[in-house]
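S.K.: Please see the structure below; I have some questions.
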Protein chains: 4
Amino acid sequence: MTAIALRRSAGPRPLARPAAARTVAEAAALAVGYQRVRAATEALCAPLSPEDAGAQSMKDASPAKWHLAHTSWFFETMVLSRRPGYRVFDRRYLDLFNSYYQRLGRPFERAARGLLTRPSLQEVMQYRAQVDRAMLELLAGPVPAASRTLIELGLHHEQQHQELILTDIKHLLSRNPLQPAYGRPPVVDADVTAVPLRWLRGGGEVACGHGGPGFAFDNEQPRHAVLLAPYEIASRAVTNREYRAFVEDEGYRRPELWLSDGWAVVQRRKWRRPLYWARDLRSAFTLAGLQSLHPDGIACHLSYYEADAYARWAGARLPTEQEWEALAEEPAAAPQDAPPRLHPGISDGAWYGGVWSWTSSAYSPYPGYRAPPGVVGEYNGKFMCNQLVLRGGSCATPPSHLRRSYRNFFPPEARWQFSGLRLARDIA
Amino acid sequence: MTAIALRRSAGPRPLARPAAARTVAEAAALAVGYQRVRAATEALCAPLSPEDAGAQSMKDASPAKWHLAHTSWFFETMVLSRRPGYRVFDRRYLDLFNSYYQRLGRPFERAARGLLTRPSLQEVMQYRAQVDRAMLELLAGPVPAASRTLIELGLHHEQQHQELILTDIKHLLSRNPLQPAYGRPPVVDADVTAVPLRWLRGGGEVACGHGGPGFAFDNEQPRHAVLLAPYEIASRAVTNREYRAFVEDEGYRRPELWLSDGWAVVQRRKWRRPLYWARDLRSAFTLAGLQSLHPDGIACHLSYYEADAYARWAGARLPTEQEWEALAEEPAAAPQDAPPRLHPGISDGAWYGGVWSWTSSAYSPYPGYRAPPGVVGEYNGKFMCNQLVLRGGSCATPPSHLRRSYRNFFPPEARWQFSGLRLARDIA
Amino acid sequence: MTAIALRRSAGPRPLARPAAARTVAEAAALAVGYQRVRAATEALCAPLSPEDAGAQSMKDASPAKWHLAHTSWFFETMVLSRRPGYRVFDRRYLDLFNSYYQRLGRPFERAARGLLTRPSLQEVMQYRAQVDRAMLELLAGPVPAASRTLIELGLHHEQQHQELILTDIKHLLSRNPLQPAYGRPPVVDADVTAVPLRWLRGGGEVACGHGGPGFAFDNEQPRHAVLLAPYEIASRAVTNREYRAFVEDEGYRRPELWLSDGWAVVQRRKWRRPLYWARDLRSAFTLAGLQSLHPDGIACHLSYYEADAYARWAGARLPTEQEWEALAEEPAAAPQDAPPRLHPGISDGAWYGGVWSWTSSAYSPYPGYRAPPGVVGEYNGKFMCNQLVLRGGSCATPPSHLRRSYRNFFPPEARWQFSGLRLARDIA
Amino acid sequence: MTAIALRRSAGPRPLARPAAARTVAEAAALAVGYQRVRAATEALCAPLSPEDAGAQSMKDASPAKWHLAHTSWFFETMVLSRRPGYRVFDRRYLDLFNSYYQRLGRPFERAARGLLTRPSLQEVMQYRAQVDRAMLELLAGPVPAASRTLIELGLHHEQQHQELILTDIKHLLSRNPLQPAYGRPPVVDADVTAVPLRWLRGGGEVACGHGGPGFAFDNEQPRHAVLLAPYEIASRAVTNREYRAFVEDEGYRRPELWLSDGWAVVQRRKWRRPLYWARDLRSAFTLAGLQSLHPDGIACHLSYYEADAYARWAGARLPTEQEWEALAEEPAAAPQDAPPRLHPGISDGAWYGGVWSWTSSAYSPYPGYRAPPGVVGEYNGKFMCNQLVLRGGSCATPPSHLRRSYRNFFPPEARWQFSGLRLARDIA
């Protein structure tokens with residue numbers, strides 16, 4: 001699910017090695033970033049009781065405690081354990097908090113993470129503290145380039161888990177009839193309305209993928225040229241009002257609107273509306289508990305099947321990821337500890353910060369893609385099957401984590417992420 | 001799973017109503033018992049962290065927090081809610097902590113109890129405190145007979161859950177690769193050995209079921225006569241050494257030793273030894289963590305299928321529940337807060353305090369059985385299908401809860417209880 | 001499912017061996033019986049196309065072709081293969097048509113019997129012909145007692161499969177939207193009505209089980225004494241009209257009427273009426289296609305759960321098997337080729353020939369029961385778990401196969417057999 | 001699974017309508033094609049008994065009888081039922097033999113097709129005969145263009161089912177321990193060896209999709225330009241020898257070689273070798289029964305996961321469908337009744353007639369794709385999710401059905417088709 005390997009690419013070679021160790025100044029900057037990202041993770045978990053942090057509501061989700069531990073495991077395993085003199089906190093954690101790295105041992109059974117009542121939340125925080133001490137010690141001096149690359153990767157990895165902490169805790173709380181709130185709802189100005197829908201035009205030969213300086217995951221590379229037929233893409237995401245019209249038009253009862261597999265899921269799971277929506281179609285469970293749905297708010301918690309069916313109903317289609325990337329703006333810069341929001345806002349045309357936009361592109365390797373060698377490269381490529389690409393970034397994505405070339409990916413049935421859509425269409 | 005309805009029977013009539021309200025002195029005695037049982041439950045949970053108390057390791061087991069709440073729910077729903085002036089702690093708890101009483105609402109989904117991170121453990125303890133205050137207030141004055149009967153039932157009900165707290169937490173901890181201990185192992189004198197196996201003889205017309213004064217569940221009644229063919233029953237439970245011989249004789253590989261359904265389970269679940277035994281057959285996971293198996297210790301955590309297969313292998317059979325009851329001794333009296341032990345001891349011939357003994361008797365109503373009217377009577381009878389009777393009482397059973405006529409029952413596949421066997425055989 | 005081991009018991013010893021070989025005259029009588037039973041099986045299959053005979057509509061049912069082969073396999077394996085000079089028809093059939101005898105090899109996967117398009121129906125009939133030739137050759141001379149016992153067993157075994165051929169083909173045809181008929185409906189005299197319901201009284205010490213001369217399965221033995229509390233049993237089976245009143249009184253919507261496991265099945269399988277009943281509750285799929293339900297006809301295709309819920313709704317209960325046996329009449333004698341009927345008739349009070357009556361007795365060994373040694377004894381006992389006893393015999397049972405001590409057994413969920421109920425109640 | 005909508009495209013417009021009715025001569029030519037295709041289907045079923053033709057070995061496969069009926073249903077529903085005066089053979093067939101056209105009624109449950117023992121094979125052949133008579137009557141005169149288009153579509157549709165008849169019957173027979181043969185193995189010249197592996201080069205801007213005259217399915221259109229990075233593709237398919245080396249190198253035990261989902265399937269299904277291969281890796285079940293594997297034969301019955309893992313092990317990758325199409329040759333012309341072969345031959349470099357080649361391309365719409373209006377257009381697009389494209393055509397594909405732009409598609413787990421692979425790689 002989470003892309004984890006990276007390439008720093010000014011040229012065509014994967015994992016280009018910087019010529020020499022970085023200066024102490026560079027390490028210090030990294031130390032600042034490290035502290036900010038780590039603190040942001042803990043801030044997200046602050047409202048959680050030990051019980052909240054330990055429970056797992058479905059196989060796809062993980063307990064917050066597990067996220068706290070796994071992100072530390074990443075630094076311990078990938079960076080610290082190779083350093084002379086470092087003693088691992090607890091050898092048994094090496095398997096316990098391994099997500100899916102088969103070369104590193106036998107990851108603990110994913111569906112049973114909620115049963116790990118030990119170590120306690122407090123012990124996991126001690127684990128984090130030891131890792132942080134050792135990391136900051138390391139970053140106090142010059143850091144070899146390879147380690148620096150891995151540390152940067154680890155921070156982006158941790159930001160991915162920050163988003164998952166929110167989506168997973170939301171799913172957990174939604175299963176509780178008490179409908180508990182994780183936090184306060186974002187304030188929405190009552191006068192704000194969605195921007196009018198316009199169609200932005202694109203087509204022709206475009207470049208796709210990450211090509212500049214700065215961090216990117218391996219799956220965003222290499223940058224390559226693509227030919228696009230003329231197309232249009234909507235200037236903003238689909239709203240709750242628009243999606244409700246689809247529901248009220250019996251959208252969930254009409255097989256002709258659905259992909260065959262999607263229709264099977266609708267039947268099997270008895271889907272009648274987006275995840276978290278109440279029966280009245282006017283309110284929904286949110287991270288702030290049950291809240292009324294703003295009609296101009298961005299529709300979210302849609303599966304790919306629902307996004308696709310909606311688009312068909314609307315006489316349009318989903319964009320490909322290349323179509324999306326060609327017209328999307330760059331995200332604004334943000335500090336590494338800028339907090340995410342708890343719900344998408346009004347559909348104001350922003351390309352980031354509301355929902356992840358489903359695209360019609362299967363998650364496949366870019367031409368010339370190669371997984372990086374070694375453990376960190378083991379696993380991005382291995383998820384390139386049965387998933388669809390989502391673009392943009394949601395309210396729950398750390399703002400400094402956003403990137404135009406970013407490729408998020410989930411199976412078509414997934415809808416516990418903040419996922420929605422923008423429409424696209426051909427120009428005849 | 002848990003029998004909950006009772007009958008107080010000096011005569012043949014079910015639910016004979018005491019003529020009048022009891023005196024204050026009687027209520028005071030009940031208050032003492034109430035406090036002891038309630039305190040014993042909390043003492044059992046004392047070693048648990050909030051995370052431990054909240055997790056659910058399988059559908060059959062419940063979180064300790066849920067047990068704490070449900071046993072309070074019982075008093076609130078059955079006794080307090082009928083009292084004028086009582087205000088329920090939280091209306092939403094009425095469904096949340098309802099186990100299976102369909103007439104009282106819609107019980108929360110059993111398999112999802114581990115997702116109830118709210119209310120917190122602390123809130124549940126506040127719930128207990130409110131219920132305790134109201135109950136002790138009630139017991140400060142004369143108590144109507146009907147309430148007295150329900151309170152007594154509630155205390156026995158809570159003792160059943162005390163045993164489940166231990167078996168459920170054991171199962172949960174067993175799923176954790178850290179193999180954490182709940183408590184210290186009982187001390188076993190190194191010189192103690194199992195008593196030699198003798199055969200006790202029985203047969204003829206015997207009385208079966210609860211007939212005297214004192215509390216008994218409805219399913220132990222009415223007392224009735226049964227004809228038994230001549231038989232023998234072993235003077236003690238099967239030991240680890242004996243059961244290990246069965247395992248080492250390829251007992252789990254020989255279909256001819258097994259019931260057809262049992263063999264299917266052995267294949268499907270890949271059973272190769274009792275639950276919690278390590279591969280070496282010399283150690284096992286216990287409530288005190290991994291411990292070596294005493295050869296003369298009582299074999300436990302056997303399913304009915306395993307008990308039955310062992311008996312066949314040994315050239316014997318399981319006793320019926322009537323055969324067991326006819327020869328068993330009465331248990332010793334014990335105070336209501338006598339604590340259970342964490343593991344069965346040496347096979348010393350005691351009928352209680354080691355393991356529950358599987359019998360070959362399907363859990364069926366006794367002749368003339370009638371479920372009591374109303375809610376409390378709704379549900380003992382409804383489990384009388386697909387289950388087998390176990391007799392005696394285990395190390396985890398509160399000592400004051402033991403009774404010769406007691407009928408415990410579980411499906412044949414269950415093995416997370418402290419269950420074992422005594423052999424029986426026909427006298428030709 | 002099918003009981004197959006037998007004991008011939010004039011005394012208390014299982015498998016008493018006759019002193020010497022029988023005379024040729026006795027063998028000739030057996031030969032006549034053999035031919036009649038074998039011909040009756042084939043007559044039942046005569047209306048079936050090769051496709052009908054080859055399909056399997058669920059795991060519990062088998063194709064008619066498989067029944068034809070398996071009943072021959074029984075004689076070949078148990079009787080002929082031990083004879084010098086006999087050559088098995090095809091060695092591969094030994095596993096292919098083995099039902100569940102683990103000591104005889106590896107039975108072919110039960111759920112995949114419908115995939116055995118080879119051997120063809122024609123080849124299976126050739127297999128039957130070879131077995132018949134060899135069997136009749138054997139029966140042309142004096143037959144050793146052991147073989148005689150096995151042959152008699154084989155004939156009763158085949159009669160059991162005759163009933164299954166009808167119930168299995170009915171289930172198969174019911175899955176076909178064309179609602180094809182297997183045969184013509186039995187003619188019912190329009191003037192006939194159900195006999196009025198009376199209550200027959202019983203109780204006290206009774207003998208139970210097969211004790212006289214003549215054939216019986218091992219599970220009907222040994223005969224033994226049982227104490228019964230005073231009770232009453234209905235003079236006839238529950239009718240369609242009566243059962244319909246239960247359905248119309250929302251019987252399938254009221255959890256308080258059901259066993260807990262039964263209620264779970266009702267929910268999971270969305271049961272709303274007996275198997276094969278149409279929505280209108282006035283017609284049902286039968287072996288003669290869709291037919292209107294005679295109000296006074298015997299209600300059938302009920303699971304144990306439905307029979308039990310109906311009885312509770314009616315203020316009664318199911319009888320135990322001992323209660324049933326104590327009051328039931330002996331069945332009338334019938335020739336071995338008397339054909340079964342295709343549907344139960346009017347509820348006329350007969351104890352046999354309508355439906356199998358569910359009893360509340362779990363299928364357990366009688367006191368002193370021992371499975372006979374060797375292969376034929378392997379498997380009756382092994383089904384003594386998770387099943388309930390049915391008594392009497394249905395319209396589809398070969399009339400010469402009926403017996404007062406007969407113990408049929410099925411899991412509580414099964415309802416594709418011709419199963420119904422008689423009510424019983426305690427005498428206070 | 002089966003693509004069914006078509007477009008006749010000399011230009012860029014989908015479903016270009018021919019200006020007027022065709023002449024009688026054109027209809028006569030179509031009548032010849034019709035007869036050839038229909039006869040070819042029946043010839044394929046000639047070796048099957050009624051039982052063979054009726055059984056269904058898994059949900060993905062269908063009985064041959066069902067294929068025979070469904071292909072007739074297609075002509076009846078799409079062409080004949082709109083004609084005045086035509087009477088449908090049996091109204092109930094309209095649902096019974098509807099595959100998945102939700103707008104045409106309620107298709108009979110896919111997994112239960114093997115239970116349709118009625119209509120019999122003979123009745124289905126009568127159904128075919130009626131449809132054939134009516135179709136040939138229609139084709140005796142001038143045929144409106146719309147009908148002509150649909151008839152042509154129906155013939156291609158029937159050819160798709162011809163291939164499925166072979167793959168489905170192979171799967172069925174493989175489940176039978178008798179290992180029956182459907183036909184004779186193709187003769188392989190003992191001296192023939194695989195051609196040496198060479199690498200063919202491609203890249204740059206290429207046209208993709210069907211653009212010329214002649215029939216193509218809608219999913220092959222519109223023709224469009226694509227940019228390809230420089231790459232190489234193998235001159236022939238992977239052989240049994242090569243694939244065996246992968247198996248013997250523990251390919252099925254090394255998670256690092258597999259996609260994550262693929263590895264999960266390998267574990268769950270215990271895959272250790274290709275479907276139908278025997279344990280010895282030297283022989284395999286074929287349509288001619290068990291046969292030894294020719295080392296130079298084309299490896300087949302591989303899932304996408306296996307093809308992908310093999311490629312990774314071999315230091316290569318799978319081609320995209322565009323890469324495949326850019327370098328593949330056109331297939332040779334063949335008459336409509338040229339029979340398929342029963343097994344792939346030696347790996348001789350041919351692009352067609354051995355196995356379908358897995359590509360790494362998810363099955364997605366081409367840019368500008370639109371499903372045609374009406375029923376026939378309903379369902380090609382609806383399968384464009386969770387499937388991968390295969391290119392080329394197998395031994396079981398009717399030779400006249402092959403086409404360079406043809407897009408076959410199956411889920412990554414499927415391996416009962418004749419599917420294999422060609423390697424590809426980047427040019428650095």
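The chains in the structure tokens are called A, B, ... from first to last as shown; in each chain the residues are counted from 1, and the ligands are counted from 1 in the order shown.
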Can you list, as a ChimeraX atom specification, every protein, DNA or RNA residue that comes within 12 Å of Leu178 in chain B when you count only C-alpha atoms, leaving out same-chain residues fewer than 5 positions away?

M.R.: /A:90-96,108,115-120 /B:172-173,285,289-290

S.K.: Could you name the residues that touch Tyr369 in chain A at 9 Å or less, counting only C-alpha atoms, but leaving out those on the same chain fewer than 6 positions away, as a list of chain:residue names?

M.R.: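 Listing them by chain and then by number gives A:Pro14, A:Asp218, A:Asn219, A:Glu220, A:Gln221, A:Pro222, A:Gly381.
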
S.K.: Could you save the residues just selected, with N, CA and C atoms, as a short mmCIF file (atom, residue, chain, number, x, y, z; two decimals), in the first residue's frame?

M.R.:
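And here is the file that came out, out-v7.cif:
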data_model
loop_
_atom_site.label_atom_id
_atom_site.label_comp_id
_atom_site.auth_asym_id
_atom_site.auth_seq_id
_atom_site.Cartn_x
_atom_site.Cartn_y
_atom_site.Cartn_z
N PRO A 14 19.16 4.96 -11.35
CA PRO A 14 18.51 4.87 -10.06
C PRO A 14 19.53 4.97 -8.94
N ASP A 218 10.43 6.06 -6.00
CA ASP A 218 10.88 5.41 -7.24
C ASP A 218 9.76 5.27 -8.26
N ASN A 219 8.53 5.07 -7.78
CA ASN A 219 7.44 4.80 -8.73
C ASN A 219 7.03 6.04 -9.53
N GLU A 220 7.56 7.21 -9.18
CA GLU A 220 7.26 8.43 -9.93
C GLU A 220 8.26 8.64 -11.06
N GLN A 221 9.14 7.68 -11.24
CA GLN A 221 10.26 7.84 -12.15
C GLN A 221 10.40 6.63 -13.06
N PRO A 222 11.10 6.75 -14.17
CA PRO A 222 11.72 7.97 -14.68
C PRO A 222 10.70 8.87 -15.39
N GLY A 381 7.56 -1.80 -6.23
CA GLY A 381 7.14 -2.48 -7.44
C GLY A 381 6.23 -3.65 -7.18
#

S.K.: Give one line per residue of chain B that approaches chain C to at most 9 Å, naming the two atoms of the closest pair and their distance in Å to one decimal, counting only C-alpha atoms; sort by chain then ascending residue number and deliver it as CSV.

M.R.:
residue,atom,partner,partner_atom,distance
B:Gln102,CA,C:Pro255,CA,6.9
B:Arg103,CA,C:Glu256,CA,7.5
B:His224,CA,C:Ala229,CA,8.4
B:Ala225,CA,C:Leu227,CA,7.2
B:Val226,CA,C:Leu227,CA,6.1
B:Leu227,CA,C:Val226,CA,6.1
B:Leu228,CA,C:Pro367,CA,8.0
B:Ala229,CA,C:Pro367,CA,6.6
B:Pro255,CA,C:Gln102,CA,6.9
B:Glu256,CA,C:Glu378,CA,7.1
B:Leu257,CA,C:Lys382,CA,8.9
B:Trp258,CA,C:Lys382,CA,6.9
B:Leu259,CA,C:Lys382,CA,4.3
B:Ser260,CA,C:Lys382,CA,5.2
B:Asp261,CA,C:Phe383,CA,7.4
B:Gly262,CA,C:Cys385,CA,8.9
B:Ser360,CA,C:Ser364,CA,7.9
B:Ser361,CA,C:Ser364,CA,7.9
B:Ala362,CA,C:Ala362,CA,6.2
B:Tyr363,CA,C:Ala362,CA,8.6
B:Ser364,CA,C:Ser361,CA,7.9
B:Pro367,CA,C:Ala229,CA,6.6
B:Gly368,CA,C:Asp426,CA,6.3
B:Glu378,CA,C:Glu256,CA,7.0
B:Tyr379,CA,C:Ser260,CA,8.2
B:Gly381,CA,C:Leu259,CA,7.6
B:Lys382,CA,C:Leu259,CA,4.3
B:Phe383,CA,C:Ser260,CA,5.8
B:Met384,CA,C:Leu259,CA,7.3
B:Cys385,CA,C:Leu259,CA,7.4
B:Asn386,CA,C:Asn386,CA,5.5
B:Gln387,CA,C:Asn386,CA,7.9
B:Pro412,CA,C:Cys385,CA,8.4
B:Arg425,CA,C:Gly368,CA,8.9
B:Asp426,CA,C:Gly368,CA,6.3
B:Ile427,CA,C:Gly368,CA,8.5
B:Ala428,CA,C:Gly368,CA,8.1

S.K.: Which residues in range 37-178 of chain B does DSSP call alpha helix (DSSP H)? List them as a ChimeraX atom specification.

M.R.: /B:37-45,50-54,64-78,93-96,121-138,145-174

S.K.: Which of range 203-406 of chain B end up as strand (DSSP E) when DSSP is run on this backbone - answer as a PyMOL selection string?

M.R.: chain B and resi 203-208+216-217+224-234+283-286+289-292+356-362+388-392

S.K.: Once you have the residues from the selection above, write them out as a short mmCIF file (atom, residue, chain, number, x, y, z; two decimals), in the first residue's frame, restricted to N, CA, C and O atoms.

M.R.:
data_model
loop_
_atom_site.label_atom_id
_atom_site.label_comp_id
_atom_site.auth_asym_id
_atom_site.auth_seq_id
_atom_site.Cartn_x
_atom_site.Cartn_y
_atom_site.Cartn_z
N GLY B 203 -23.48 -47.66 38.46
CA GLY B 203 -24.54 -48.28 37.67
C GLY B 203 -25.85 -48.29 38.44
O GLY B 203 -25.92 -47.86 39.59
N GLY B 204 -26.90 -48.73 37.77
CA GLY B 204 -28.20 -48.82 38.42
C GLY B 204 -28.98 -47.53 38.37
O GLY B 204 -28.63 -46.60 37.63
N GLU B 205 -30.05 -47.44 39.14
CA GLU B 205 -30.88 -46.25 39.12
C GLU B 205 -30.27 -45.19 40.02
O GLU B 205 -29.98 -45.45 41.19
N VAL B 206 -30.07 -44.04 39.47
CA VAL B 206 -29.50 -42.94 40.24
C VAL B 206 -30.34 -41.68 40.02
O VAL B 206 -31.08 -41.58 39.05
N ALA B 207 -30.19 -40.77 40.95
CA ALA B 207 -30.86 -39.49 40.79
C ALA B 207 -29.87 -38.52 40.17
O ALA B 207 -28.68 -38.57 40.45
N CYS B 208 -30.37 -37.67 39.35
CA CYS B 208 -29.50 -36.76 38.61
C CYS B 208 -30.11 -35.37 38.63
O CYS B 208 -31.33 -35.21 38.52
N ALA B 216 -29.07 -23.11 42.00
CA ALA B 216 -28.66 -23.89 40.81
C ALA B 216 -29.28 -23.24 39.58
O ALA B 216 -30.33 -22.59 39.67
N PHE B 217 -28.64 -23.41 38.46
CA PHE B 217 -29.20 -22.90 37.22
C PHE B 217 -30.38 -23.77 36.79
O PHE B 217 -30.50 -24.93 37.21
N HIS B 224 -34.11 -35.87 38.60
CA HIS B 224 -34.86 -36.97 38.00
C HIS B 224 -34.06 -38.25 38.08
O HIS B 224 -32.84 -38.23 38.28
N ALA B 225 -34.75 -39.35 37.93
CA ALA B 225 -34.10 -40.66 38.03
C ALA B 225 -33.61 -41.11 36.66
O ALA B 225 -34.24 -40.85 35.64
N VAL B 226 -32.48 -41.80 36.67
CA VAL B 226 -31.87 -42.30 35.43
C VAL B 226 -31.37 -43.71 35.69
O VAL B 226 -30.88 -44.01 36.79
N LEU B 227 -31.48 -44.55 34.67
CA LEU B 227 -30.93 -45.92 34.77
C LEU B 227 -29.56 -45.96 34.11
O LEU B 227 -29.42 -45.57 32.95
N LEU B 228 -28.59 -46.45 34.85
CA LEU B 228 -27.26 -46.56 34.26
C LEU B 228 -26.82 -48.02 34.18
O LEU B 228 -26.95 -48.76 35.16
N ALA B 229 -26.31 -48.40 33.04
CA ALA B 229 -25.69 -49.73 32.92
C ALA B 229 -24.39 -49.73 33.73
O ALA B 229 -23.81 -48.66 33.96
N PRO B 230 -23.94 -50.87 34.16
CA PRO B 230 -22.72 -50.93 34.98
C PRO B 230 -21.53 -50.31 34.23
O PRO B 230 -21.34 -50.56 33.05
N TYR B 231 -20.76 -49.51 34.93
CA TYR B 231 -19.64 -48.82 34.29
C TYR B 231 -18.56 -48.51 35.31
O TYR B 231 -18.79 -48.62 36.52
N GLU B 232 -17.45 -48.08 34.79
CA GLU B 232 -16.35 -47.64 35.64
C GLU B 232 -15.88 -46.27 35.17
O GLU B 232 -15.92 -45.96 33.97
N ILE B 233 -15.38 -45.52 36.11
CA ILE B 233 -14.83 -44.21 35.76
C ILE B 233 -13.47 -44.07 36.44
O ILE B 233 -13.26 -44.58 37.55
N ALA B 234 -12.56 -43.40 35.77
CA ALA B 234 -11.19 -43.29 36.28
C ALA B 234 -11.16 -42.42 37.53
O ALA B 234 -11.94 -41.47 37.66
N SER B 283 6.60 -28.25 26.70
CA SER B 283 6.30 -26.96 27.31
C SER B 283 5.01 -26.42 26.68
O SER B 283 4.55 -26.91 25.65
N ALA B 284 4.45 -25.43 27.34
CA ALA B 284 3.18 -24.89 26.87
C ALA B 284 3.06 -23.45 27.32
O ALA B 284 3.63 -23.04 28.34
N PHE B 285 2.30 -22.70 26.54
CA PHE B 285 1.99 -21.34 26.94
C PHE B 285 0.95 -21.39 28.05
O PHE B 285 -0.06 -22.09 27.93
N THR B 286 1.21 -20.66 29.13
CA THR B 286 0.26 -20.62 30.25
C THR B 286 0.01 -19.16 30.63
O THR B 286 0.61 -18.25 30.05
N GLY B 289 3.06 -17.32 31.13
CA GLY B 289 4.00 -17.37 30.01
C GLY B 289 4.36 -18.80 29.66
O GLY B 289 3.68 -19.75 30.09
N LEU B 290 5.42 -18.97 28.89
CA LEU B 290 5.83 -20.31 28.50
C LEU B 290 6.40 -21.06 29.70
O LEU B 290 7.29 -20.56 30.39
N GLN B 291 5.88 -22.24 29.96
CA GLN B 291 6.30 -23.03 31.12
C GLN B 291 6.50 -24.48 30.67
O GLN B 291 5.85 -24.94 29.75
N SER B 292 7.36 -25.17 31.39
CA SER B 292 7.50 -26.59 31.05
C SER B 292 6.27 -27.34 31.56
O SER B 292 5.62 -26.95 32.53
N TRP B 356 -12.29 -28.85 33.46
CA TRP B 356 -13.64 -29.31 33.15
C TRP B 356 -13.52 -30.63 32.39
O TRP B 356 -12.74 -30.73 31.45
N SER B 357 -14.32 -31.60 32.79
CA SER B 357 -14.25 -32.92 32.14
C SER B 357 -15.29 -33.03 31.05
O SER B 357 -16.50 -32.92 31.31
N TRP B 358 -14.83 -33.26 29.84
CA TRP B 358 -15.78 -33.51 28.75
C TRP B 358 -16.57 -34.78 29.05
O TRP B 358 -16.01 -35.80 29.47
N THR B 359 -17.87 -34.73 28.83
CA THR B 359 -18.68 -35.95 28.86
C THR B 359 -19.19 -36.21 27.46
O THR B 359 -19.14 -35.33 26.59
N SER B 360 -19.70 -37.40 27.26
CA SER B 360 -20.25 -37.75 25.94
C SER B 360 -21.69 -37.29 25.81
O SER B 360 -22.35 -37.62 24.82
N SER B 361 -22.19 -36.54 26.78
CA SER B 361 -23.60 -36.15 26.76
C SER B 361 -23.80 -34.85 26.00
O SER B 361 -23.21 -33.82 26.33
N ALA B 362 -24.68 -34.92 25.01
CA ALA B 362 -25.08 -33.69 24.35
C ALA B 362 -25.83 -32.83 25.36
O ALA B 362 -26.51 -33.35 26.25
N LEU B 388 -21.70 -29.97 23.96
CA LEU B 388 -21.51 -31.13 24.84
C LEU B 388 -21.38 -30.63 26.27
O LEU B 388 -20.89 -29.52 26.50
N VAL B 389 -21.78 -31.48 27.21
CA VAL B 389 -21.72 -31.11 28.62
C VAL B 389 -20.33 -31.39 29.18
O VAL B 389 -19.74 -32.43 28.89
N LEU B 390 -19.84 -30.45 29.95
CA LEU B 390 -18.61 -30.67 30.72
C LEU B 390 -18.96 -30.60 32.19
O LEU B 390 -19.78 -29.78 32.61
N ARG B 391 -18.30 -31.41 32.98
CA ARG B 391 -18.61 -31.48 34.40
C ARG B 391 -17.38 -31.19 35.23
O ARG B 391 -16.24 -31.29 34.77
N GLY B 392 -17.64 -30.84 36.48
CA GLY B 392 -16.58 -30.61 37.43
C GLY B 392 -16.33 -29.13 37.61
O GLY B 392 -17.18 -28.42 38.18
#

S.K.: Please compute the CA of Ser394 in chain D-CA of Arg36 in chain D distance, one decimal, in Å.

M.R.: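 Atom-to-atom, CA of Ser394 in chain D to CA of Arg36 in chain D, that is 20.1 Å.
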
S.K.: One decimal, Å: what's the distance from CA of Ser57 in chain C over to CA of His171 in chain C, could you say?

M.R.: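 A separation of 6.8 Å between them.
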
S.K.: Could you give me, as a list in words, the residues within 12 Å of Met78 in chain D, counting only C-alpha atoms and dropping anything in the same chain fewer than 6 positions from it?

M.R.: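 Answer for this query is Ile4, Ala5, His70, Thr71, Ser72, Val88, Leu94, Asn98, Tyr101, Leu104, Val131, Met135, Ala146, Ser147, Arg148, Thr149, Leu150, Ile151, Glu152, Leu153, Gly154, Gly374, Val375, Val376 and Gly377 of chain D.
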